[in-house]
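Visitor: Coordinates in final16.txt, compact mmCIF, C-alpha atoms and all ligand atoms, are listed below.
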# COMPACT_ATOMS: atom_id res chain seq x y z
CA VAL X 1 146.18 119.37 -159.00
CA THR X 2 146.65 121.56 -162.08
CA ALA X 3 143.78 123.32 -163.82
CA ILE X 4 142.16 121.53 -166.74
CA GLU X 5 143.28 122.75 -170.17
CA ARG X 6 142.76 120.06 -172.81
CA VAL X 7 139.19 118.92 -173.44
CA GLY X 8 137.71 116.49 -176.00
CA PHE X 9 134.01 116.93 -176.87
CA ILE X 10 131.93 114.29 -178.69
CA GLY X 11 128.34 114.91 -179.85
CA LEU X 12 127.84 118.40 -181.30
CA GLY X 13 124.06 118.44 -181.83
CA ASN X 14 121.38 120.89 -180.63
CA MET X 15 122.84 120.82 -177.13
CA GLY X 16 126.47 119.71 -177.51
CA GLY X 17 127.28 122.19 -180.30
CA PRO X 18 126.63 125.36 -178.29
CA MET X 19 127.97 123.79 -175.04
CA CYS X 20 131.26 122.99 -176.79
CA GLY X 21 131.34 126.55 -178.15
CA HIS X 22 131.14 127.95 -174.60
CA LEU X 23 134.19 125.88 -173.57
CA VAL X 24 136.16 127.29 -176.52
CA ALA X 25 135.04 130.83 -175.60
CA ALA X 26 136.12 130.25 -171.98
CA GLY X 27 139.67 129.52 -173.19
CA PHE X 28 139.86 125.71 -172.98
CA ASP X 29 141.87 123.90 -175.66
CA VAL X 30 138.99 121.94 -177.21
CA THR X 31 139.06 119.12 -179.77
CA ALA X 32 135.61 118.29 -181.17
CA PHE X 33 134.11 115.26 -182.90
CA ASP X 34 130.74 114.23 -184.30
CA VAL X 35 129.77 111.64 -186.92
CA ASP X 36 128.16 114.62 -188.72
CA ALA X 37 131.06 116.46 -190.39
CA GLY X 38 128.99 119.65 -190.75
CA ALA X 39 128.62 119.84 -186.97
CA VAL X 40 132.41 119.60 -186.55
CA ALA X 41 132.93 122.33 -189.16
CA ARG X 42 130.65 124.71 -187.21
CA LEU X 43 132.81 124.25 -184.09
CA VAL X 44 136.05 124.73 -186.03
CA GLU X 45 134.66 128.09 -187.18
CA VAL X 46 134.45 129.23 -183.55
CA GLY X 47 137.94 127.99 -182.66
CA ALA X 48 137.81 124.28 -181.79
CA ARG X 49 140.23 121.76 -183.32
CA ALA X 50 138.63 119.09 -185.51
CA ALA X 51 139.24 115.45 -184.58
CA GLY X 52 139.32 112.93 -187.44
CA SER X 53 137.79 110.21 -185.28
CA ALA X 54 136.39 109.64 -181.81
CA ALA X 55 139.68 108.02 -180.74
CA ASP X 56 141.57 111.06 -182.02
CA CYS X 57 139.27 113.29 -179.95
CA ALA X 58 140.10 111.41 -176.73
CA SER X 59 143.83 111.22 -177.24
CA GLY X 60 145.86 113.21 -174.70
CA VAL X 61 142.91 115.09 -173.18
CA GLU X 62 142.41 115.71 -169.46
CA VAL X 63 138.62 115.70 -169.81
CA LEU X 64 136.46 113.89 -172.36
CA ILE X 65 132.84 115.10 -172.61
CA THR X 66 130.07 113.15 -174.37
CA MET X 67 126.69 114.69 -175.32
CA LEU X 68 125.02 111.89 -177.28
CA PRO X 69 121.36 110.99 -177.95
CA ALA X 70 120.78 107.93 -175.74
CA PRO X 71 122.39 105.16 -173.63
CA PRO X 72 123.32 102.89 -176.60
CA HIS X 73 125.37 105.72 -178.17
CA VAL X 74 127.10 106.46 -174.85
CA GLU X 75 127.89 102.78 -174.37
CA SER X 76 129.26 102.25 -177.88
CA VAL X 77 131.43 105.40 -177.78
CA LEU X 78 132.83 104.96 -174.25
CA LEU X 79 132.97 101.16 -173.98
CA GLY X 80 133.00 100.00 -177.62
CA SER X 81 131.35 96.95 -179.10
CA SER X 82 133.27 94.44 -176.98
CA GLY X 83 133.05 96.52 -173.80
CA SER X 84 136.79 97.22 -173.83
CA ASP X 85 137.54 98.85 -177.19
CA GLY X 86 135.87 102.18 -176.42
CA LEU X 87 137.33 105.55 -175.54
CA ILE X 88 137.68 104.85 -171.81
CA GLY X 89 140.57 102.61 -172.88
CA GLY X 90 142.21 105.54 -174.67
CA LEU X 91 142.20 107.91 -171.67
CA GLY X 92 145.20 108.20 -169.36
CA PRO X 93 145.11 107.69 -165.57
CA GLY X 94 143.65 110.74 -163.82
CA ALA X 95 141.64 111.83 -166.87
CA ILE X 96 137.93 112.51 -166.36
CA ALA X 97 135.13 111.18 -168.60
CA ILE X 98 132.00 113.35 -168.21
CA ASP X 99 128.81 112.10 -169.84
CA MET X 100 126.29 114.96 -170.15
CA SER X 101 123.73 112.97 -172.17
CA THR X 102 120.41 112.01 -170.58
CA SER X 103 121.47 108.38 -170.18
CA SER X 104 120.86 105.50 -167.78
CA VAL X 105 122.36 104.59 -164.42
CA ALA X 106 122.83 101.05 -165.81
CA VAL X 107 125.13 102.12 -168.68
CA GLY X 108 126.76 104.64 -166.34
CA SER X 109 127.75 101.87 -163.90
CA ARG X 110 129.38 99.84 -166.67
CA VAL X 111 131.36 102.93 -167.70
CA VAL X 112 132.47 103.49 -164.09
CA ALA X 113 133.60 99.85 -163.76
CA ALA X 114 135.70 100.02 -166.96
CA ALA X 115 137.13 103.41 -165.97
CA ARG X 116 138.13 102.26 -162.50
CA GLU X 117 140.40 99.57 -164.00
CA ARG X 118 142.34 102.31 -165.81
CA GLY X 119 142.41 104.94 -163.07
CA VAL X 120 140.04 107.13 -165.08
CA GLU X 121 137.48 109.25 -163.19
CA VAL X 122 133.82 109.48 -164.26
CA LEU X 123 131.04 112.02 -163.73
CA ASP X 124 127.44 111.87 -164.97
CA ALA X 125 126.28 115.44 -165.64
CA PRO X 126 123.04 115.65 -167.66
CA VAL X 127 121.45 119.04 -168.20
CA ALA X 128 118.14 120.87 -168.35
CA GLY X 129 117.26 124.16 -170.00
CA GLN X 130 116.61 123.28 -173.65
CA SER X 131 118.64 124.31 -176.66
CA ILE X 132 117.93 127.97 -175.80
CA GLY X 133 119.73 127.45 -172.47
CA ALA X 134 122.60 125.64 -174.19
CA LYS X 135 123.07 128.62 -176.54
CA ALA X 136 122.80 131.16 -173.71
CA GLY X 137 125.12 129.18 -171.40
CA THR X 138 122.43 129.09 -168.71
CA LEU X 139 121.81 125.33 -168.42
CA ALA X 140 121.14 123.63 -165.11
CA ILE X 141 123.60 120.74 -164.62
CA TYR X 142 122.96 117.67 -162.41
CA VAL X 143 126.19 115.95 -161.38
CA GLY X 144 126.87 112.51 -159.90
CA GLY X 145 130.35 111.32 -158.89
CA GLU X 146 133.09 111.98 -156.36
CA GLU X 147 133.06 115.45 -154.83
CA ALA X 148 136.77 116.08 -155.52
CA VAL X 149 136.35 115.16 -159.20
CA PHE X 150 133.31 117.42 -159.40
CA GLU X 151 135.35 120.31 -157.95
CA ARG X 152 138.10 119.78 -160.56
CA ALA X 153 135.55 119.82 -163.37
CA ARG X 154 133.58 122.75 -161.94
CA PRO X 155 135.12 125.44 -164.22
CA LEU X 156 133.83 123.49 -167.24
CA PHE X 157 130.31 123.31 -165.79
CA ASP X 158 130.37 127.01 -164.91
CA ALA X 159 131.30 127.82 -168.53
CA MET X 160 128.43 125.74 -169.98
CA GLY X 161 125.73 126.38 -167.38
CA ASP X 162 124.42 128.84 -164.83
CA PRO X 163 126.89 128.52 -161.89
CA ALA X 164 124.00 128.95 -159.42
CA ARG X 165 122.31 125.88 -160.92
CA VAL X 166 125.22 123.43 -161.07
CA PHE X 167 124.24 120.74 -158.55
CA HIS X 168 126.45 118.02 -157.09
CA LEU X 169 123.86 115.42 -156.07
CA GLY X 170 125.80 112.40 -154.81
CA PRO X 171 127.79 109.43 -156.15
CA ASN X 172 127.84 108.25 -159.78
CA GLY X 173 124.29 107.85 -161.12
CA ALA X 174 122.74 110.59 -158.97
CA GLY X 175 122.90 113.09 -161.84
CA TYR X 176 121.13 110.76 -164.31
CA THR X 177 118.53 109.90 -161.65
CA VAL X 178 117.58 113.50 -160.85
CA LYS X 179 117.48 114.48 -164.53
CA LEU X 180 115.17 111.57 -165.45
CA LEU X 181 112.87 112.37 -162.53
CA LEU X 182 112.55 116.06 -163.27
CA ASN X 183 111.71 115.27 -166.90
CA LEU X 184 109.16 112.72 -165.72
CA MET X 185 107.42 115.33 -163.54
CA TRP X 186 107.38 117.85 -166.37
CA PHE X 187 105.77 115.38 -168.81
CA ILE X 188 103.19 114.36 -166.19
CA GLU X 189 102.31 118.07 -165.97
CA SER X 190 102.07 118.33 -169.73
CA VAL X 191 99.42 115.61 -169.88
CA ALA X 192 97.56 116.98 -166.85
CA VAL X 193 97.41 120.52 -168.24
CA GLY X 194 96.40 119.28 -171.71
CA GLU X 195 93.49 117.30 -170.23
CA VAL X 196 92.29 119.98 -167.83
CA LEU X 197 92.36 122.89 -170.27
CA SER X 198 90.64 120.89 -173.03
CA VAL X 199 87.82 119.75 -170.73
CA GLY X 200 87.33 123.27 -169.36
CA VAL X 201 87.12 124.86 -172.79
CA ARG X 202 84.77 122.15 -174.07
CA ALA X 203 82.60 122.80 -170.99
CA GLY X 204 82.26 126.39 -172.14
CA VAL X 205 84.73 128.37 -170.02
CA PRO X 206 86.81 130.80 -172.14
CA LEU X 207 90.47 129.75 -172.12
CA GLU X 208 91.79 133.07 -170.79
CA LYS X 209 89.42 132.94 -167.80
CA LEU X 210 90.11 129.24 -167.14
CA HIS X 211 93.88 129.65 -167.42
CA GLY X 212 93.92 132.84 -165.31
CA ALA X 213 91.88 131.21 -162.52
CA LEU X 214 94.02 128.05 -162.47
CA VAL X 215 97.26 130.09 -162.32
CA CYS X 216 95.87 131.88 -159.22
CA SER X 217 94.80 128.59 -157.59
CA PRO X 218 96.62 126.04 -155.40
CA ALA X 219 96.89 123.88 -158.57
CA ASN X 220 99.27 126.34 -160.28
CA SER X 221 102.62 125.11 -161.63
CA VAL X 222 105.55 126.42 -163.66
CA PHE X 223 104.30 124.35 -166.59
CA LEU X 224 100.80 125.88 -166.41
CA GLU X 225 101.93 129.44 -165.77
CA ARG X 226 104.94 129.60 -168.11
CA ASP X 227 105.84 126.63 -170.30
CA VAL X 228 102.43 125.84 -171.84
CA ARG X 229 102.21 129.49 -172.95
CA MET X 230 104.30 128.53 -175.99
CA VAL X 231 101.26 126.58 -177.18
CA LEU X 232 98.59 128.96 -175.90
CA ASP X 233 100.25 132.10 -177.31
CA ASP X 234 101.96 130.87 -180.46
CA GLY X 235 100.80 127.32 -181.28
CA ASP X 236 104.44 126.28 -180.75
CA TYR X 237 104.91 122.74 -179.39
CA ASP X 238 108.72 123.23 -179.05
CA GLU X 239 110.40 121.06 -181.65
CA ALA X 240 113.85 121.82 -180.20
CA PHE X 241 113.25 118.76 -177.99
CA PRO X 242 111.69 116.10 -180.24
CA MET X 243 109.36 113.21 -179.30
CA ARG X 244 112.05 110.64 -180.16
CA LEU X 245 114.08 111.98 -177.19
CA VAL X 246 111.01 112.50 -174.97
CA THR X 247 109.94 108.84 -175.26
CA LYS X 248 113.55 107.76 -174.68
CA ASP X 249 113.69 109.76 -171.42
CA LEU X 250 110.29 108.54 -170.19
CA GLY X 251 111.27 104.94 -170.95
CA LEU X 252 114.48 105.39 -168.95
CA ALA X 253 112.55 106.85 -166.00
CA VAL X 254 110.17 103.87 -165.94
CA ASP X 255 113.15 101.47 -166.29
CA LEU X 256 114.77 103.17 -163.30
CA ALA X 257 111.63 102.74 -161.19
CA ARG X 258 111.54 99.05 -162.17
CA GLU X 259 115.22 98.63 -161.24
CA VAL X 260 114.65 100.07 -157.76
CA GLY X 261 111.41 98.12 -157.32
CA VAL X 262 108.88 100.95 -157.03
CA PRO X 263 105.51 100.50 -158.80
CA VAL X 264 104.79 103.59 -160.93
CA GLU X 265 101.41 103.14 -162.64
CA LEU X 266 101.09 106.85 -163.44
CA SER X 267 104.60 107.16 -164.94
CA ALA X 268 104.07 104.07 -167.11
CA LEU X 269 100.81 105.53 -168.41
CA ILE X 270 102.48 108.89 -169.10
CA GLU X 271 105.18 107.07 -171.08
CA GLN X 272 102.54 105.24 -173.16
CA ILE X 273 100.58 108.46 -173.82
CA HIS X 274 103.77 110.03 -175.18
CA ARG X 275 104.41 106.94 -177.34
CA ARG X 276 100.95 107.45 -178.81
CA VAL X 277 101.74 111.16 -179.36
CA ARG X 278 104.95 110.18 -181.18
CA ASN X 279 103.07 107.71 -183.40
CA LEU X 280 100.43 110.31 -184.24
CA TYR X 281 102.58 113.39 -184.82
CA GLY X 282 106.00 111.93 -185.67
CA ASP X 283 109.48 111.46 -184.22
CA ASP X 284 110.27 115.15 -184.61
CA ALA X 285 107.05 116.48 -183.05
CA GLY X 286 107.70 118.98 -180.25
CA GLU X 287 107.96 118.09 -176.58
CA ILE X 288 104.60 119.71 -175.64
CA SER X 289 102.66 117.68 -178.23
CA ALA X 290 100.69 115.82 -175.52
CA VAL X 291 98.68 119.05 -175.25
CA ARG X 292 97.97 118.76 -178.99
CA LEU X 293 96.63 115.23 -178.43
CA TYR X 294 94.01 116.56 -175.99
CA GLU X 295 93.18 119.49 -178.27
CA ASP X 296 92.50 116.96 -181.03
CA LEU X 297 90.54 114.58 -178.78
CA ALA X 298 88.35 117.45 -177.53
CA GLY X 299 88.11 119.16 -180.92
CA VAL X 300 89.35 122.48 -179.52
CA GLN X 301 92.33 124.71 -180.19
CA LEU X 302 93.84 126.10 -176.99
CA ARG X 303 94.89 129.62 -177.97
CA LEU X 304 94.81 132.80 -175.89
CA PRO X 305 93.71 136.00 -177.62
CA ARG X 306 96.65 138.21 -178.64
CA SER X 307 97.13 140.83 -175.94
P1 LIG L 1 120.98 115.78 -181.13
O1 LIG L 1 120.36 114.61 -181.78
O2 LIG L 1 120.71 117.16 -181.64
O3 LIG L 1 122.59 115.62 -181.08
C1 LIG L 1 123.27 114.43 -180.88
C2 LIG L 1 124.57 114.47 -181.67
O4 LIG L 1 125.32 113.27 -181.43
C3 LIG L 1 124.34 114.54 -183.18
O5 LIG L 1 125.08 115.64 -183.73
C4 LIG L 1 124.84 113.19 -183.69
O6 LIG L 1 125.41 113.26 -185.00
C5 LIG L 1 125.90 112.87 -182.65
N1 LIG L 1 126.24 111.45 -182.57
C6 LIG L 1 125.39 110.39 -182.51
N2 LIG L 1 126.10 109.24 -182.41
C7 LIG L 1 127.41 109.59 -182.40
C8 LIG L 1 128.63 108.84 -182.32
N3 LIG L 1 128.62 107.51 -182.21
N4 LIG L 1 129.80 109.52 -182.34
C9 LIG L 1 129.81 110.86 -182.46
N5 LIG L 1 128.69 111.63 -182.54
C10 LIG L 1 127.51 110.99 -182.52
O7 LIG L 1 120.57 115.67 -179.58
P2 LIG L 1 120.59 116.85 -178.49
O8 LIG L 1 119.27 117.56 -178.51
O9 LIG L 1 121.85 117.62 -178.61
O10 LIG L 1 120.60 115.97 -177.15
C11 LIG L 1 121.77 115.35 -176.64
C12 LIG L 1 121.43 114.79 -175.26
O11 LIG L 1 120.97 115.86 -174.41
C13 LIG L 1 120.29 113.74 -175.27
O12 LIG L 1 120.57 112.74 -174.34
C14 LIG L 1 119.07 114.57 -174.85
O13 LIG L 1 118.09 113.75 -174.24
C15 LIG L 1 119.69 115.54 -173.89
N6 LIG L 1 118.97 116.80 -173.70
C16 LIG L 1 118.41 117.46 -174.77
C17 LIG L 1 117.72 118.65 -174.55
C18 LIG L 1 117.08 119.41 -175.70
O14 LIG L 1 116.28 120.32 -175.44
N7 LIG L 1 117.40 119.11 -176.96
C19 LIG L 1 117.63 119.18 -173.26
C20 LIG L 1 118.23 118.52 -172.20
C21 LIG L 1 118.90 117.32 -172.44
Since I need it in another form, could you write the structure as structure tokens?
Guide:
Amino acid sequence: VTAIERVGFIGLGNMGGPMCGHLVAAGFDVTAFDVDAGAVARLVEVGARAAGSAADCASGVEVLITMLPAPPHVESVLLGSSGSDGLIGGLGPGAIAIDMSTSSVAVGSRVVAAARERGVEVLDAPVAGQSIGAKAGTLAIYVGGEEAVFERARPLFDAMGDPARVFHLGPNGAGYTVKLLLNLMWFIESVAVGEVLSVGVRAGVPLEKLHGALVCSPANSVFLERDVRMVLDDGDYDEAFPMRLVTKDLGLAVDLAREVGVPVELSALIEQIHRRVRNLYGDDAGEISAVRLYEDLAGVQLRLPRS
């Protein structure tokens, strides 16, 4: 098996743009496409070829990567409107389609079925680490698919992510599953921390004492100790990951639970709380805005004194 050289990359947004740039920098021959022409121009500046269309981007490549907003975009690009006029049909036998979007196992299985008919391989490989991690090339990558295909694609993952945090998790769908579940846990934490800190401050405990004591308790978490500090220190709710994508991910996690037949009362409530947050603060409100909801409900502002 020869090393991969020619790569097509579709979806050059907050995440895909910098990820595609890392592939160019690592020496791959990359053709890039996005419906936003400005996004393509930014990649051409760093050395990618511009594709005139999605079909153009997939033509003759060994690997086609998609980094699109949500399952409907992935389905329309890879499978097309009729299910058979998408890009999977334009890839040659032995080519690999890697979807790195946070998408669903359901759409992923339809992609795998269409690909199998053509001898095309498929990996799901969603990521974590925010746009900062995409820019720094330090993303964590969660991969589902055949081990041998994963090994062939590994140099691409190592160029876009932190090689120590590139995980092969099982067959197709395992990557999407783990990504949706880790997001779900993080957003559960966000609501829990927003509630607890707001109640404590309203009850009269200074935030720095409350936060310090909780961090040193058995209830500590990475969210409490590190991530919520963006809000507590700077009033920054992290708009790099907007509520429109947060509610999409939480909906997909609850759908997944329904598909496998597990009742998830808490997860469903967490999804609805984030839908309320999106309605209140807007589609582009930052991912930690659930904390803002509890600040507003309690009439407090959770800010640590500048040290
Ligand atoms: P984004 O909205 O910034 O970028 C998506 C890009 O896809 C845009 O440039 C858009 O023009 C393009 N696009 C949409 N439809 C297209 C089509 N049919 N053909 C070609 N291009 C098309 O989103 P993002 O923040 O880059 O997120 C991408 C994926 O990564 C999402 O699934 C998201 O949930 C996931 N993700 C995001 C973050 C984050 O912090 N932003 C972190 C981890 C995972």
Visitor: Name the residues, by chain letter and number, that sit within 6 Å of ligand LIG 1 (chain L) using only C-alpha atoms and all ligand atoms, and give them as a PyMOL selection string.
Guide: chain X and resi 10-16+34-36+67-70+73+77+101-102+127-131+240-241+245
Visitor: Quick one: of X:Val143, X:Ala26, X:Leu252, X:Ala290, who's nearest to Pro72 (chain X), counting only C-alpha atoms?
Guide: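 Counting only C-alpha atoms, the residue closest to Pro72 (chain X) is X:Leu252.
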Visitor: Please report the interatomic distance between CA of Gly83 (chain X) and CA of Gly119 (chain X) in Å with one decimal.
Guide: 16.5 Å
Visitor: From the list X:Pro126, X:Gly92, X:Gly194, X:Pro305, which residue is nearest Met160 (chain X) when using only C-alpha atoms?
Guide: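 Smallest separation from Met160 (chain X) among the options: X:Pro126.
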Visitor: Work out how far CA of Ser103 (chain X) is from CA of Glu189 (chain X), in Å to one decimal.
Guide: 21.9 Å
Visitor: So which one's closest to Gly47 (chain X), X:Val264, X:Ile88, X:Val30, X:Ile132? Using all atoms listed in the file, please.
Guide: X:Val30
Visitor: Considering all atoms listed in the file, can you say which of X:Ala97, X:Leu232, X:Leu87, X:Leu180 comes closest to Glu208 (chain X)?
Guide: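 That would be X:Leu232, the residue with the smallest distance to Glu208 (chain X).
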Visitor: If you measure from CA of Glu287 (chain X) to CA of Met185 (chain X), what distance in Å do you get, rounded to one decimal?
Guide: 13.3 Å
Visitor: Rank nothing, just name the residue among X:Asp158, X:Pro242, X:Leu250, X:Val201 nearest to Gly299 (chain X), using all atoms listed in the file.
Guide: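 Smallest distance to Gly299 (chain X) is found for X:Val201.
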